$ cat entry-v3.cif   # mmCIF, N, CA and C atoms
data_start
loop_
_atom_site.label_atom_id
_atom_site.label_comp_id
_atom_site.auth_asym_id
_atom_site.auth_seq_id
_atom_site.Cartn_x
_atom_site.Cartn_y
_atom_site.Cartn_z
N MET A 1 -62.03 -88.28 126.45
CA MET A 1 -62.72 -87.01 126.57
C MET A 1 -62.29 -86.07 125.45
N ALA A 2 -63.08 -85.07 125.22
CA ALA A 2 -62.80 -84.10 124.16
C ALA A 2 -61.65 -83.18 124.58
N GLU A 3 -60.62 -83.15 123.79
CA GLU A 3 -59.45 -82.31 124.07
C GLU A 3 -59.65 -80.88 123.56
N ASN A 4 -60.57 -80.68 122.62
CA ASN A 4 -60.74 -79.39 121.96
C ASN A 4 -61.76 -78.49 122.67
N VAL A 5 -62.23 -78.87 123.82
CA VAL A 5 -63.26 -78.09 124.51
C VAL A 5 -62.65 -76.79 125.02
N LYS A 6 -63.25 -75.68 124.62
CA LYS A 6 -62.82 -74.38 125.12
C LYS A 6 -63.54 -74.11 126.43
N ARG A 7 -62.79 -73.64 127.41
CA ARG A 7 -63.37 -73.33 128.71
C ARG A 7 -63.29 -71.82 128.94
N LEU A 8 -64.25 -71.31 129.67
CA LEU A 8 -64.28 -69.89 129.96
C LEU A 8 -63.44 -69.62 131.20
N TYR A 9 -62.44 -68.76 131.03
CA TYR A 9 -61.61 -68.30 132.14
C TYR A 9 -61.55 -66.78 132.08
N ARG A 10 -61.32 -66.16 133.23
CA ARG A 10 -61.06 -64.73 133.25
C ARG A 10 -59.63 -64.51 132.76
N SER A 11 -59.44 -63.56 131.88
CA SER A 11 -58.13 -63.30 131.29
C SER A 11 -57.21 -62.65 132.31
N ARG A 12 -55.96 -63.06 132.30
CA ARG A 12 -54.95 -62.43 133.14
C ARG A 12 -54.28 -61.26 132.43
N THR A 13 -54.33 -61.26 131.10
CA THR A 13 -53.61 -60.24 130.33
C THR A 13 -54.53 -59.18 129.73
N ASP A 14 -55.71 -59.56 129.26
CA ASP A 14 -56.62 -58.62 128.60
C ASP A 14 -57.76 -58.30 129.56
N ARG A 15 -57.47 -57.40 130.50
CA ARG A 15 -58.47 -57.08 131.51
C ARG A 15 -58.54 -55.59 131.76
N MET A 16 -59.75 -55.15 132.09
CA MET A 16 -59.97 -53.78 132.54
C MET A 16 -60.27 -53.81 134.04
N ILE A 17 -61.18 -54.69 134.43
CA ILE A 17 -61.54 -54.83 135.85
C ILE A 17 -61.23 -56.25 136.31
N ALA A 18 -62.02 -57.22 135.84
CA ALA A 18 -61.86 -58.59 136.32
C ALA A 18 -61.39 -59.55 135.24
N GLY A 19 -61.36 -59.15 134.00
CA GLY A 19 -60.91 -60.01 132.92
C GLY A 19 -62.00 -60.87 132.30
N ILE A 20 -63.26 -60.61 132.64
CA ILE A 20 -64.36 -61.42 132.11
C ILE A 20 -64.54 -61.17 130.62
N CYS A 21 -64.58 -59.93 130.20
CA CYS A 21 -64.75 -59.63 128.76
C CYS A 21 -63.55 -60.11 127.97
N GLY A 22 -62.36 -60.00 128.53
CA GLY A 22 -61.17 -60.53 127.87
C GLY A 22 -61.23 -62.03 127.73
N GLY A 23 -61.72 -62.71 128.75
CA GLY A 23 -61.88 -64.16 128.69
C GLY A 23 -62.91 -64.58 127.66
N LEU A 24 -64.01 -63.85 127.58
CA LEU A 24 -65.02 -64.14 126.56
C LEU A 24 -64.46 -63.91 125.16
N GLY A 25 -63.66 -62.86 125.01
CA GLY A 25 -63.04 -62.59 123.73
C GLY A 25 -62.10 -63.70 123.31
N GLU A 26 -61.31 -64.21 124.25
CA GLU A 26 -60.40 -65.32 123.96
C GLU A 26 -61.19 -66.58 123.62
N MET A 27 -62.27 -66.83 124.33
CA MET A 27 -63.05 -68.04 124.12
C MET A 27 -63.71 -68.05 122.74
N PHE A 28 -64.27 -66.91 122.33
CA PHE A 28 -64.98 -66.83 121.06
C PHE A 28 -64.13 -66.27 119.92
N SER A 29 -62.86 -65.99 120.19
CA SER A 29 -61.91 -65.48 119.19
C SER A 29 -62.40 -64.18 118.55
N ILE A 30 -62.88 -63.26 119.39
CA ILE A 30 -63.26 -61.93 118.91
C ILE A 30 -62.61 -60.89 119.82
N ASP A 31 -62.61 -59.66 119.38
CA ASP A 31 -61.99 -58.58 120.13
C ASP A 31 -62.76 -58.31 121.42
N ALA A 32 -62.04 -58.24 122.53
CA ALA A 32 -62.66 -58.00 123.82
C ALA A 32 -63.31 -56.61 123.89
N THR A 33 -62.82 -55.66 123.11
CA THR A 33 -63.41 -54.32 123.10
C THR A 33 -64.86 -54.37 122.60
N LEU A 34 -65.12 -55.21 121.62
CA LEU A 34 -66.49 -55.37 121.13
C LEU A 34 -67.39 -55.93 122.23
N ILE A 35 -66.90 -56.88 122.96
CA ILE A 35 -67.68 -57.45 124.07
C ILE A 35 -67.92 -56.39 125.15
N ARG A 36 -66.91 -55.57 125.42
CA ARG A 36 -67.07 -54.50 126.42
C ARG A 36 -68.13 -53.49 125.97
N LEU A 37 -68.12 -53.14 124.69
CA LEU A 37 -69.13 -52.20 124.18
C LEU A 37 -70.54 -52.79 124.29
N ILE A 38 -70.68 -54.04 123.92
CA ILE A 38 -71.99 -54.70 124.03
C ILE A 38 -72.42 -54.75 125.48
N PHE A 39 -71.49 -55.09 126.37
CA PHE A 39 -71.82 -55.15 127.79
C PHE A 39 -72.26 -53.77 128.32
N ALA A 40 -71.56 -52.72 127.88
CA ALA A 40 -71.92 -51.37 128.33
C ALA A 40 -73.32 -50.99 127.85
N LEU A 41 -73.66 -51.32 126.62
CA LEU A 41 -75.01 -51.03 126.12
C LEU A 41 -76.07 -51.82 126.89
N VAL A 42 -75.79 -53.09 127.13
CA VAL A 42 -76.74 -53.91 127.90
C VAL A 42 -76.89 -53.35 129.31
N ALA A 43 -75.79 -52.90 129.90
CA ALA A 43 -75.83 -52.35 131.26
C ALA A 43 -76.71 -51.09 131.31
N LEU A 44 -76.66 -50.29 130.26
CA LEU A 44 -77.49 -49.08 130.23
C LEU A 44 -78.98 -49.41 130.21
N PHE A 45 -79.34 -50.46 129.48
CA PHE A 45 -80.75 -50.78 129.30
C PHE A 45 -81.31 -51.73 130.36
N THR A 46 -80.46 -52.36 131.16
CA THR A 46 -80.97 -53.29 132.17
C THR A 46 -80.92 -52.71 133.58
N VAL A 47 -80.51 -51.49 133.72
CA VAL A 47 -80.52 -50.75 134.98
C VAL A 47 -79.87 -51.56 136.11
N GLY A 48 -78.62 -51.96 135.90
CA GLY A 48 -77.87 -52.60 136.97
C GLY A 48 -77.85 -54.12 136.96
N THR A 49 -78.76 -54.74 136.24
CA THR A 49 -78.78 -56.20 136.21
C THR A 49 -77.50 -56.74 135.58
N ALA A 50 -77.01 -56.09 134.53
CA ALA A 50 -75.78 -56.52 133.89
C ALA A 50 -74.59 -56.39 134.85
N ALA A 51 -74.59 -55.37 135.68
CA ALA A 51 -73.52 -55.21 136.66
C ALA A 51 -73.54 -56.35 137.67
N LEU A 52 -74.72 -56.76 138.08
CA LEU A 52 -74.84 -57.88 139.01
C LEU A 52 -74.33 -59.17 138.36
N VAL A 53 -74.67 -59.38 137.09
CA VAL A 53 -74.19 -60.56 136.36
C VAL A 53 -72.66 -60.52 136.26
N TYR A 54 -72.09 -59.35 136.02
CA TYR A 54 -70.63 -59.20 135.94
C TYR A 54 -69.98 -59.56 137.27
N ILE A 55 -70.54 -59.07 138.35
CA ILE A 55 -69.99 -59.36 139.68
C ILE A 55 -70.09 -60.85 139.99
N LEU A 56 -71.21 -61.48 139.64
CA LEU A 56 -71.33 -62.93 139.84
C LEU A 56 -70.32 -63.69 138.98
N GLY A 57 -70.10 -63.23 137.76
CA GLY A 57 -69.09 -63.85 136.91
C GLY A 57 -67.70 -63.71 137.50
N TRP A 58 -67.43 -62.57 138.10
CA TRP A 58 -66.14 -62.31 138.75
C TRP A 58 -65.91 -63.33 139.86
N ILE A 59 -66.97 -63.68 140.57
CA ILE A 59 -66.87 -64.62 141.68
C ILE A 59 -66.80 -66.06 141.17
N ILE A 60 -67.58 -66.39 140.15
CA ILE A 60 -67.75 -67.79 139.72
C ILE A 60 -66.69 -68.24 138.72
N ILE A 61 -66.34 -67.39 137.75
CA ILE A 61 -65.43 -67.79 136.67
C ILE A 61 -63.99 -67.76 137.17
N PRO A 62 -63.25 -68.85 137.04
CA PRO A 62 -61.86 -68.87 137.50
C PRO A 62 -60.93 -68.14 136.55
N GLU A 63 -59.77 -67.70 137.09
CA GLU A 63 -58.75 -67.08 136.26
C GLU A 63 -58.06 -68.13 135.40
N THR A 64 -57.47 -67.67 134.31
CA THR A 64 -56.70 -68.56 133.46
C THR A 64 -55.59 -69.20 134.31
N PRO A 65 -55.44 -70.52 134.22
CA PRO A 65 -54.38 -71.16 135.01
C PRO A 65 -53.00 -70.65 134.61
N ALA A 66 -52.14 -70.49 135.58
CA ALA A 66 -50.77 -70.04 135.30
C ALA A 66 -50.00 -71.19 134.66
N ASP A 67 -49.23 -70.87 133.63
CA ASP A 67 -48.48 -71.93 132.93
C ASP A 67 -47.20 -72.26 133.62
#

$ encode --input "entry-v3.cif" --output "structure tokens"
Amino acid sequence: MAENVKRLYRSRTDRMIAGICGGLGEMFSIDATLIRLIFALVALFTVGTAALVYILGWIIIPETPAD
């Protein structure tokens, strides 16, 4: 199997609420603040749909495994 596969986890260290944006930042190697800003803009224009997606991600995406 592929050992280099990156998996999406909620961050335990870089989090504001649930760690989803921090996890996306770690996965794509970009600053989580940029992802938070993009998410905030999308949330403004989708009238709550982005918030629902965030809550579903909070439920579905597992936390980073403890080492």

$ closest_residue --input "entry-v3.cif" --among "A:Ile61, A:Ala66, A:Ala50, A:Ala32" --to "Arg10 (chain A)" --atoms "all atoms listed in the file"
A:Ile61

$ axis_aligned_box --input "entry-v3.cif" --around "region 14-32 of chain A" --padding-each-side "8 Å" --output "lines of an AutoDock Vina configuration file"
center_x = -60.4
center_y = -60.9
center_z = 127.4
size_x = 25.3
size_y = 30.3
size_z = 33.8

$ residues_around --input "entry-v3.cif" --residues "Gly57 (chain A)" --least-positions-apart "4" --cutoff "9 Å" --atoms "only C-alpha atoms" --output "number ranges by chain"
A: 10, 18, 20, 52-53, 61-62

$ resolve_selection --input "entry-v3.cif" --expression "the PyMOL selection byres ((chain A and resi 21) around 8)" --output "list in words"
Tyr9, Arg10, Ser11, Asp14, Arg15, Met16, Ile17, Ala18, Gly19, Ile20, Gly22, Gly23, Leu24, Gly25, Glu26, Met27, Asp31, Ala32, Thr33, Leu34, Ile35 and Arg36 of chain A

$ atom_distance --input "entry-v3.cif" --atom1 "CA of Thr49 (chain A)" --atom2 "CA of Pro65 (chain A)"
28.6 Å

$ select_by_dssp --input "entry-v3.cif" --residues "chain A" --states "helix (DSSP H, G or I)" --output "PyMOL selection string"
chain A and resi 20-28+32-46+49-60

$ write_last_selection --input "entry-v3.cif" --atoms "N, CA and C atoms" --output "CSV table (one decimal), in the coordinates of the input"
chain,number,residue,atom,x,y,z
A,20,ILE,N,-63.3,-60.6,132.6
A,20,ILE,CA,-64.4,-61.4,132.1
A,20,ILE,C,-64.5,-61.2,130.6
A,21,CYS,N,-64.6,-59.9,130.2
A,21,CYS,CA,-64.8,-59.6,128.8
A,21,CYS,C,-63.6,-60.1,128.0
A,22,GLY,N,-62.4,-60.0,128.5
A,22,GLY,CA,-61.2,-60.5,127.9
A,22,GLY,C,-61.2,-62.0,127.7
A,23,GLY,N,-61.7,-62.7,128.8
A,23,GLY,CA,-61.9,-64.2,128.7
A,23,GLY,C,-62.9,-64.6,127.7
A,24,LEU,N,-64.0,-63.8,127.6
A,24,LEU,CA,-65.0,-64.1,126.6
A,24,LEU,C,-64.5,-63.9,125.2
A,25,GLY,N,-63.7,-62.9,125.0
A,25,GLY,CA,-63.0,-62.6,123.7
A,25,GLY,C,-62.1,-63.7,123.3
A,26,GLU,N,-61.3,-64.2,124.2
A,26,GLU,CA,-60.4,-65.3,124.0
A,26,GLU,C,-61.2,-66.6,123.6
A,27,MET,N,-62.3,-66.8,124.3
A,27,MET,CA,-63.0,-68.0,124.1
A,27,MET,C,-63.7,-68.0,122.7
A,28,PHE,N,-64.3,-66.9,122.3
A,28,PHE,CA,-65.0,-66.8,121.1
A,28,PHE,C,-64.1,-66.3,119.9
A,32,ALA,N,-62.0,-58.2,122.5
A,32,ALA,CA,-62.7,-58.0,123.8
A,32,ALA,C,-63.3,-56.6,123.9
A,33,THR,N,-62.8,-55.7,123.1
A,33,THR,CA,-63.4,-54.3,123.1
A,33,THR,C,-64.9,-54.4,122.6
A,34,LEU,N,-65.1,-55.2,121.6
A,34,LEU,CA,-66.5,-55.4,121.1
A,34,LEU,C,-67.4,-55.9,122.2
A,35,ILE,N,-66.9,-56.9,123.0
A,35,ILE,CA,-67.7,-57.4,124.1
A,35,ILE,C,-67.9,-56.4,125.2
A,36,ARG,N,-66.9,-55.6,125.4
A,36,ARG,CA,-67.1,-54.5,126.4
A,36,ARG,C,-68.1,-53.5,126.0
A,37,LEU,N,-68.1,-53.1,124.7
A,37,LEU,CA,-69.1,-52.2,124.2
A,37,LEU,C,-70.5,-52.8,124.3
A,38,ILE,N,-70.7,-54.0,123.9
A,38,ILE,CA,-72.0,-54.7,124.0
A,38,ILE,C,-72.4,-54.8,125.5
A,39,PHE,N,-71.5,-55.1,126.4
A,39,PHE,CA,-71.8,-55.2,127.8
A,39,PHE,C,-72.3,-53.8,128.3
A,40,ALA,N,-71.6,-52.7,127.9
A,40,ALA,CA,-71.9,-51.4,128.3
A,40,ALA,C,-73.3,-51.0,127.8
A,41,LEU,N,-73.7,-51.3,126.6
A,41,LEU,CA,-75.0,-51.0,126.1
A,41,LEU,C,-76.1,-51.8,126.9
A,42,VAL,N,-75.8,-53.1,127.1
A,42,VAL,CA,-76.7,-53.9,127.9
A,42,VAL,C,-76.9,-53.4,129.3
A,43,ALA,N,-75.8,-52.9,129.9
A,43,ALA,CA,-75.8,-52.4,131.3
A,43,ALA,C,-76.7,-51.1,131.3
A,44,LEU,N,-76.7,-50.3,130.3
A,44,LEU,CA,-77.5,-49.1,130.2
A,44,LEU,C,-79.0,-49.4,130.2
A,45,PHE,N,-79.3,-50.5,129.5
A,45,PHE,CA,-80.8,-50.8,129.3
A,45,PHE,C,-81.3,-51.7,130.4
A,46,THR,N,-80.5,-52.4,131.2
A,46,THR,CA,-81.0,-53.3,132.2
A,46,THR,C,-80.9,-52.7,133.6
A,49,THR,N,-78.8,-54.7,136.2
A,49,THR,CA,-78.8,-56.2,136.2
A,49,THR,C,-77.5,-56.7,135.6
A,50,ALA,N,-77.0,-56.1,134.5
A,50,ALA,CA,-75.8,-56.5,133.9
A,50,ALA,C,-74.6,-56.4,134.8
A,51,ALA,N,-74.6,-55.4,135.7
A,51,ALA,CA,-73.5,-55.2,136.7
A,51,ALA,C,-73.5,-56.4,137.7
A,52,LEU,N,-74.7,-56.8,138.1
A,52,LEU,CA,-74.8,-57.9,139.0
A,52,LEU,C,-74.3,-59.2,138.4
A,53,VAL,N,-74.7,-59.4,137.1
A,53,VAL,CA,-74.2,-60.6,136.4
A,53,VAL,C,-72.7,-60.5,136.3
A,54,TYR,N,-72.1,-59.4,136.0
A,54,TYR,CA,-70.6,-59.2,135.9
A,54,TYR,C,-70.0,-59.6,137.3
A,55,ILE,N,-70.5,-59.1,138.4
A,55,ILE,CA,-70.0,-59.4,139.7
A,55,ILE,C,-70.1,-60.8,140.0
A,56,LEU,N,-71.2,-61.5,139.6
A,56,LEU,CA,-71.3,-62.9,139.8
A,56,LEU,C,-70.3,-63.7,139.0
A,57,GLY,N,-70.1,-63.2,137.8
A,57,GLY,CA,-69.1,-63.8,136.9
A,57,GLY,C,-67.7,-63.7,137.5
A,58,TRP,N,-67.4,-62.6,138.1
A,58,TRP,CA,-66.1,-62.3,138.8
A,58,TRP,C,-65.9,-63.3,139.9
A,59,ILE,N,-67.0,-63.7,140.6
A,59,ILE,CA,-66.9,-64.6,141.7
A,59,ILE,C,-66.8,-66.1,141.2
A,60,ILE,N,-67.6,-66.4,140.2
A,60,ILE,CA,-67.8,-67.8,139.7
A,60,ILE,C,-66.7,-68.2,138.7

$ atom_distance --input "entry-v3.cif" --atom1 "atom N of Ala51 (chain A)" --atom2 "CA of Val5 (chain A)"
27.7 Å

$ atom_distance --input "entry-v3.cif" --atom1 "atom C of Thr64 (chain A)" --atom2 "atom N of Thr13 (chain A)"
8.7 Å
